[in-house]
Amino acid sequence: EKINEACVFGISDPISEETVAAACVLQEGVHIKPEELAQWMQTLIRKEAIPETWFFLQEIPKTDRGKINRDTVRKKCLELGETR
């Protein structure tokens, strides 16, 4: 496996109102392109659910209780800028 952790969330889009985005934490030393991830997902989920925007993070932010808050992840990703 190449991904340690991932979080999917919606981001604003001027045309469709919202699109799917993903934040991923890759395993150390792994380099993968967003296109490769999208292609891999084509056989697993419906096309509309495949993220259009990808963010690669060192870690996915969590609450004090260790839970993922998608709003926090979205904000961090948008601050960093998209990979695709």
# chains A, B, ... in the order shown; residues from 1 in each chain; ligands from 1
call {"tool": "residues_around", "arguments": {"residues": "A:Phe56", "least_positions_apart": "3", "cutoff": "8 Å", "atoms": "only C-alpha atoms", "output": "list in words"}}
result
Ala23, Cys24, Val25, Leu26 and Thr83 of chain A
call {"tool": "write_last_selection", "arguments": {"atoms": "C-alpha atoms", "output": "tab-separated table (two decimals), in the first residue's frame"}}
result
chain	number	residue	atom	x	y	z
A	23	ALA	CA	-6.18	14.65	1.48
A	24	CYS	CA	-3.65	11.80	1.52
A	25	VAL	CA	-0.69	10.90	3.68
A	26	LEU	CA	1.70	8.82	1.60
A	83	THR	CA	-1.73	19.33	-6.00
call {"tool": "select_by_dssp", "arguments": {"residues": "chain A", "states": "strand (DSSP E or B)", "output": "list in words"}}
result
Ile3, Asn4, Glu5, Ala6, Cys7, Val8, Phe9, Gly10, Ile11, Ser12, Asp13, Glu17, Glu18, Thr19, Val20, Ala21, Ala22, Ala23, Cys24, Val25, Leu26, Thr53, Trp54, Phe55, Phe56, Lys62 and Ile68 of chain A
call {"tool": "closest_residue", "arguments": {"among": "A:Gln27, A:Gln58, A:Asn69, A:Gln39", "to": "A:Phe9", "atoms": "only C-alpha atoms"}}
result
A:Asn69
call {"tool": "select_by_dssp", "arguments": {"residues": "chain A", "states": "helix (DSSP H, G or I)", "output": "list in words"}}
result
Pro34, Glu35, Glu36, Leu37, Ala38, Gln39, Trp40, Met41, Lys47, Glu48, Ala49, Arg70, Asp71, Thr72, Val73, Arg74, Lys75, Lys76, Cys77, Leu78, Glu79 and Leu80 of chain A
call {"tool": "write_last_selection", "arguments": {"atoms": "C-alpha atoms", "output": "PDB file, in the first residue's frame"}}
result
ATOM      1  CA  PRO A  34      -2.966  12.245  -8.595  1.00  0.00           C
ATOM      2  CA  GLU A  35      -3.752  10.815 -12.033  1.00  0.00           C
ATOM      3  CA  GLU A  36      -2.501   7.393 -10.912  1.00  0.00           C
ATOM      4  CA  LEU A  37      -4.746   7.460  -7.851  1.00  0.00           C
ATOM      5  CA  ALA A  38      -7.762   8.542  -9.905  1.00  0.00           C
ATOM      6  CA  GLN A  39      -7.130   5.781 -12.444  1.00  0.00           C
ATOM      7  CA  TRP A  40      -6.841   3.162  -9.682  1.00  0.00           C
ATOM      8  CA  MET A  41     -10.129   4.341  -8.160  1.00  0.00           C
ATOM      9  CA  LYS A  47     -16.875   8.244 -11.413  1.00  0.00           C
ATOM     10  CA  GLU A  48     -18.661  11.074  -9.565  1.00  0.00           C
ATOM     11  CA  ALA A  49     -17.067  10.013  -6.264  1.00  0.00           C
ATOM     12  CA  ARG A  70     -13.351  17.321   7.640  1.00  0.00           C
ATOM     13  CA  ASP A  71     -13.791  21.089   8.055  1.00  0.00           C
ATOM     14  CA  THR A  72     -10.335  21.340   9.650  1.00  0.00           C
ATOM     15  CA  VAL A  73      -8.800  19.146   6.943  1.00  0.00           C
ATOM     16  CA  ARG A  74     -10.474  21.243   4.219  1.00  0.00           C
ATOM     17  CA  LYS A  75      -9.153  24.494   5.711  1.00  0.00           C
ATOM     18  CA  LYS A  76      -5.605  23.147   6.026  1.00  0.00           C
ATOM     19  CA  CYS A  77      -5.608  21.830   2.465  1.00  0.00           C
ATOM     20  CA  LEU A  78      -6.947  25.039   0.975  1.00  0.00           C
ATOM     21  CA  GLU A  79      -4.284  27.016   2.849  1.00  0.00           C
ATOM     22  CA  LEU A  80      -1.549  24.793   1.357  1.00  0.00           C
TER      23      LEU A  80
END
call {"tool": "closest_residue", "arguments": {"among": "A:Gly66, A:Ile60, A:Ala22, A:Phe55", "to": "A:Gly10", "atoms": "only C-alpha atoms"}}
result
A:Ala22
